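Chemist: Could you have a look at this structure, given as structure tokens, before my questions?
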Amino acid sequence: MIVGVPVLGVLMGGIYSLPAMKITDERDPWLTILLGCGLAITVFGVGFFTGTPMAWSSALFGLGLLLVLGARMLYGSLGHNIERFGMVHMLVLMLALVLASVAIAKREKPNKAALSTPAPLRVQSVMAVQPSTHSRSLAPRQV
């Protein structure tokens, strides 16, 4: 029970598939639409909290939708079993976490091009010259 709830609920998408099966009475296309919405919550939620670029998350969501439709085509209805949607959700969740780690590593990696180019010279302000009390002045003499 302690291991089963997190595995079936979170990893395999039971938090989306069980309520979607109850709401739609396992009838398509509404079941597939609700499972797609659950997949969107997972992909964009992980992407938002980890800072994954939106284009990467969108591409992964598109792949997830194709996998859900492929599972529906292979198995018929996605109802009756959590595993049918669960395998798709688990794969997409793992890919979202991989993309998140790549995005974090890319953000933290220093830019080699910026390190190899020398920094521009900075002009420092010159202090004003105070007139000297000595006989020789720094001011140019008039002839």
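Every chain in the structure tokens has a letter given in the order shown (A, B, ...), and although residue numbers restart at 1 in each chain, ligands are simply numbered from 1 in the order shown.
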Which residues are near Leu95 (chain A)? Cut-off 10 Å, only C-alpha atoms, ignore same chain within fewer than 6 positions. Put them as a VMD selection string.

Modeler: chain A and resid 43 57 60 64 89 101

Chemist: Extract, using only C-alpha atoms, all DNA, RNA and protein residues at most 12 Å from Met94 (chain A), discarding same-chain residues fewer than 2 positions from it, and format them as JSON, numbers by chain.

Modeler: {"A": [10, 11, 12, 42, 43, 46, 47, 60, 64, 87, 88, 89, 90, 91, 92, 96, 97, 98, 99, 100, 101]}

Chemist: Export, as a tab-separated table (two decimals), in the first residue's frame, the selected residues with C-alpha atoms.

Modeler:
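Written output follows (again_12.tsv):
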```tsv
chain	number	residue	atom	x	y	z
A	10	VAL	CA	1.85	9.58	-9.60
A	11	LEU	CA	4.23	7.63	-11.80
A	12	MET	CA	1.61	5.78	-13.82
A	42	THR	CA	2.23	16.74	-15.93
A	43	VAL	CA	4.41	17.95	-18.80
A	46	VAL	CA	7.30	19.78	-14.54
A	47	GLY	CA	8.48	22.19	-17.23
A	60	LEU	CA	7.11	16.59	-25.42
A	64	GLY	CA	2.73	12.34	-25.42
A	87	MET	CA	2.96	3.34	-19.52
A	88	VAL	CA	2.50	6.46	-21.65
A	89	HIS	CA	2.39	8.71	-18.59
A	90	MET	CA	5.47	7.08	-17.07
A	91	LEU	CA	7.48	7.49	-20.29
A	92	VAL	CA	6.44	11.12	-20.73
A	96	ALA	CA	10.09	15.56	-18.86
A	97	LEU	CA	12.54	15.00	-16.02
A	98	VAL	CA	15.37	14.32	-18.50
A	99	LEU	CA	14.54	17.53	-20.40
A	100	ALA	CA	14.46	19.40	-17.10
A	101	SER	CA	17.92	18.18	-16.14
```

Chemist: Find the residue from A:Ile2, A:Met73, A:Leu65, A:Ile82 that sits nearest to Cys37 (chain A); use only C-alpha atoms when measuring.

Modeler: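 Once distances to Cys37 (chain A) are computed over only C-alpha atoms, the minimum belongs to A:Leu65.
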
Chemist: Just give me the gap between CA of Leu74 (chain A) and CA of Trp56 (chain A) in Å, one decimal is fine.

Modeler: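 Between CA of Leu74 (chain A) and CA of Trp56 (chain A) the gap works out to 26.8 Å.
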
Chemist: Within 12 Å of Asn81 (chain A), counting only C-alpha atoms, which residues qualify if same-chain residues fewer than 4 places away don't, as a PyMOL selection string?

Modeler: chain A and resi 8+12-14+17-18+21+26+71-72+75-77+85-87

Chemist: Please write the residues from the selection above to a file, keeping C-alpha atoms, as a short mmCIF file (atom, residue, chain, number, x, y, z; two decimals), in the first residue's frame.

Modeler:
```cif
data_model
loop_
_atom_site.label_atom_id
_atom_site.label_comp_id
_atom_site.auth_asym_id
_atom_site.auth_seq_id
_atom_site.Cartn_x
_atom_site.Cartn_y
_atom_site.Cartn_z
CA LEU A 8 0.14 3.89 -9.49
CA MET A 12 1.61 5.78 -13.82
CA GLY A 13 -0.90 8.63 -13.97
CA GLY A 14 -3.58 7.11 -11.77
CA SER A 17 -6.93 8.07 -15.25
CA LEU A 18 -9.06 6.92 -12.30
CA MET A 21 -12.74 6.85 -15.98
CA GLU A 26 -14.86 5.01 -19.82
CA ALA A 71 -2.12 3.32 -27.24
CA ARG A 72 -5.79 3.95 -27.89
CA TYR A 75 -5.64 -1.34 -27.17
CA GLY A 76 -9.00 0.07 -28.13
CA SER A 77 -10.42 1.89 -25.14
CA PHE A 85 -2.33 5.08 -19.94
CA GLY A 86 0.19 4.43 -17.18
CA MET A 87 2.96 3.34 -19.52
#
```

Chemist: Could you please determine the separation between CA of Arg27 (chain A) and CA of Leu69 (chain A) in Å, to one decimal place?

Modeler: 14.5 Å

Chemist: Restricting the calculation to only C-alpha atoms, which member of A:Ala55, A:Ile41, A:Leu78, A:Leu93 is positioned closest to Asp25 (chain A)?

Modeler: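 For Asp25 (chain A), the nearest of the candidates is A:Leu78.
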
Chemist: Between A:Ile15, A:Lys109, A:Gly9, A:Phe48, which is the closest to Leu34 (chain A) once you count only C-alpha atoms?

Modeler: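 The shortest atom-to-atom distance to Leu34 (chain A) comes from A:Ile15.
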
Chemist: Going by DSSP on the backbone, which residues of region 17-53 of chain A come out as alpha helix (DSSP H)? List them as an NGL selection string.

Modeler: :A and (17-24 or 30-50)

Chemist: Based on the selection just made, write N, CA and C atoms of those residues as a PDB file, in the first residue's frame.

Modeler:
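Result file follows (selection-v3.pdb):
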```pdb
ATOM      1  N   SER A  17      -6.129   9.076 -14.572  1.00  0.00           N
ATOM      2  CA  SER A  17      -6.931   8.065 -15.250  1.00  0.00           C
ATOM      3  C   SER A  17      -8.114   7.575 -14.420  1.00  0.00           C
ATOM      4  N   LEU A  18      -7.940   7.389 -13.110  1.00  0.00           N
ATOM      5  CA  LEU A  18      -9.059   6.920 -12.298  1.00  0.00           C
ATOM      6  C   LEU A  18     -10.206   7.929 -12.255  1.00  0.00           C
ATOM      7  N   PRO A  19      -9.960   9.225 -11.977  1.00  0.00           N
ATOM      8  CA  PRO A  19     -11.083  10.178 -12.037  1.00  0.00           C
ATOM      9  C   PRO A  19     -11.667  10.330 -13.444  1.00  0.00           C
ATOM     10  N   ALA A  20     -10.823  10.267 -14.464  1.00  0.00           N
ATOM     11  CA  ALA A  20     -11.329  10.397 -15.836  1.00  0.00           C
ATOM     12  C   ALA A  20     -12.226   9.219 -16.196  1.00  0.00           C
ATOM     13  N   MET A  21     -11.887   8.015 -15.724  1.00  0.00           N
ATOM     14  CA  MET A  21     -12.736   6.848 -15.981  1.00  0.00           C
ATOM     15  C   MET A  21     -14.078   6.973 -15.268  1.00  0.00           C
ATOM     16  N   LYS A  22     -14.060   7.533 -14.066  1.00  0.00           N
ATOM     17  CA  LYS A  22     -15.313   7.700 -13.315  1.00  0.00           C
ATOM     18  C   LYS A  22     -16.202   8.771 -13.951  1.00  0.00           C
ATOM     19  N   ILE A  23     -15.586   9.872 -14.366  1.00  0.00           N
ATOM     20  CA  ILE A  23     -16.358  10.987 -14.929  1.00  0.00           C
ATOM     21  C   ILE A  23     -16.995  10.606 -16.260  1.00  0.00           C
ATOM     22  N   THR A  24     -16.227   9.945 -17.122  1.00  0.00           N
ATOM     23  CA  THR A  24     -16.698   9.678 -18.477  1.00  0.00           C
ATOM     24  C   THR A  24     -17.328   8.306 -18.645  1.00  0.00           C
ATOM     25  N   TRP A  30     -14.152  11.370 -24.789  1.00  0.00           N
ATOM     26  CA  TRP A  30     -13.963  12.206 -23.608  1.00  0.00           C
ATOM     27  C   TRP A  30     -12.892  11.658 -22.684  1.00  0.00           C
ATOM     28  N   LEU A  31     -12.779  10.357 -22.588  1.00  0.00           N
ATOM     29  CA  LEU A  31     -11.735   9.769 -21.758  1.00  0.00           C
ATOM     30  C   LEU A  31     -10.356  10.137 -22.295  1.00  0.00           C
ATOM     31  N   THR A  32     -10.185  10.049 -23.586  1.00  0.00           N
ATOM     32  CA  THR A  32      -8.906  10.388 -24.195  1.00  0.00           C
ATOM     33  C   THR A  32      -8.602  11.878 -24.034  1.00  0.00           C
ATOM     34  N   ILE A  33      -9.617  12.718 -24.151  1.00  0.00           N
ATOM     35  CA  ILE A  33      -9.415  14.156 -23.982  1.00  0.00           C
ATOM     36  C   ILE A  33      -8.992  14.471 -22.549  1.00  0.00           C
ATOM     37  N   LEU A  34      -9.654  13.868 -21.567  1.00  0.00           N
ATOM     38  CA  LEU A  34      -9.281  14.111 -20.174  1.00  0.00           C
ATOM     39  C   LEU A  34      -7.899  13.555 -19.853  1.00  0.00           C
ATOM     40  N   LEU A  35      -7.542  12.426 -20.417  1.00  0.00           N
ATOM     41  CA  LEU A  35      -6.194  11.885 -20.208  1.00  0.00           C
ATOM     42  C   LEU A  35      -5.140  12.784 -20.859  1.00  0.00           C
ATOM     43  N   GLY A  36      -5.479  13.355 -21.996  1.00  0.00           N
ATOM     44  CA  GLY A  36      -4.573  14.322 -22.628  1.00  0.00           C
ATOM     45  C   GLY A  36      -4.394  15.565 -21.783  1.00  0.00           C
ATOM     46  N   CYS A  37      -5.484  16.011 -21.143  1.00  0.00           N
ATOM     47  CA  CYS A  37      -5.377  17.164 -20.232  1.00  0.00           C
ATOM     48  C   CYS A  37      -4.500  16.833 -19.027  1.00  0.00           C
ATOM     49  N   GLY A  38      -4.639  15.628 -18.506  1.00  0.00           N
ATOM     50  CA  GLY A  38      -3.780  15.203 -17.400  1.00  0.00           C
ATOM     51  C   GLY A  38      -2.323  15.134 -17.815  1.00  0.00           C
ATOM     52  N   LEU A  39      -2.093  14.673 -19.017  1.00  0.00           N
ATOM     53  CA  LEU A  39      -0.728  14.630 -19.538  1.00  0.00           C
ATOM     54  C   LEU A  39      -0.167  16.041 -19.692  1.00  0.00           C
ATOM     55  N   ALA A  40      -1.000  16.978 -20.110  1.00  0.00           N
ATOM     56  CA  ALA A  40      -0.565  18.372 -20.230  1.00  0.00           C
ATOM     57  C   ALA A  40      -0.205  18.949 -18.869  1.00  0.00           C
ATOM     58  N   ILE A  41      -0.988  18.629 -17.844  1.00  0.00           N
ATOM     59  CA  ILE A  41      -0.676  19.116 -16.497  1.00  0.00           C
ATOM     60  C   ILE A  41       0.670  18.589 -16.047  1.00  0.00           C
ATOM     61  N   THR A  42       0.942  17.325 -16.323  1.00  0.00           N
ATOM     62  CA  THR A  42       2.228  16.743 -15.927  1.00  0.00           C
ATOM     63  C   THR A  42       3.386  17.395 -16.670  1.00  0.00           C
ATOM     64  N   VAL A  43       3.293  17.450 -17.989  1.00  0.00           N
ATOM     65  CA  VAL A  43       4.413  17.947 -18.801  1.00  0.00           C
ATOM     66  C   VAL A  43       4.683  19.422 -18.522  1.00  0.00           C
ATOM     67  N   PHE A  44       3.636  20.243 -18.570  1.00  0.00           N
ATOM     68  CA  PHE A  44       3.856  21.677 -18.384  1.00  0.00           C
ATOM     69  C   PHE A  44       4.100  22.030 -16.916  1.00  0.00           C
ATOM     70  N   GLY A  45       3.591  21.215 -15.997  1.00  0.00           N
ATOM     71  CA  GLY A  45       3.882  21.441 -14.586  1.00  0.00           C
ATOM     72  C   GLY A  45       5.348  21.191 -14.268  1.00  0.00           C
ATOM     73  N   VAL A  46       5.869  20.070 -14.740  1.00  0.00           N
ATOM     74  CA  VAL A  46       7.296  19.784 -14.542  1.00  0.00           C
ATOM     75  C   VAL A  46       8.142  20.829 -15.263  1.00  0.00           C
ATOM     76  N   GLY A  47       7.734  21.185 -16.469  1.00  0.00           N
ATOM     77  CA  GLY A  47       8.484  22.189 -17.233  1.00  0.00           C
ATOM     78  C   GLY A  47       8.484  23.554 -16.567  1.00  0.00           C
ATOM     79  N   PHE A  48       7.358  23.944 -15.990  1.00  0.00           N
ATOM     80  CA  PHE A  48       7.271  25.248 -15.334  1.00  0.00           C
ATOM     81  C   PHE A  48       8.145  25.301 -14.087  1.00  0.00           C
ATOM     82  N   PHE A  49       8.058  24.274 -13.266  1.00  0.00           N
ATOM     83  CA  PHE A  49       8.791  24.295 -12.003  1.00  0.00           C
ATOM     84  C   PHE A  49      10.281  24.050 -12.160  1.00  0.00           C
ATOM     85  N   THR A  50      10.707  23.509 -13.292  1.00  0.00           N
ATOM     86  CA  THR A  50      12.136  23.285 -13.506  1.00  0.00           C
ATOM     87  C   THR A  50      12.744  24.270 -14.494  1.00  0.00           C
TER      88      THR A  50
END
```
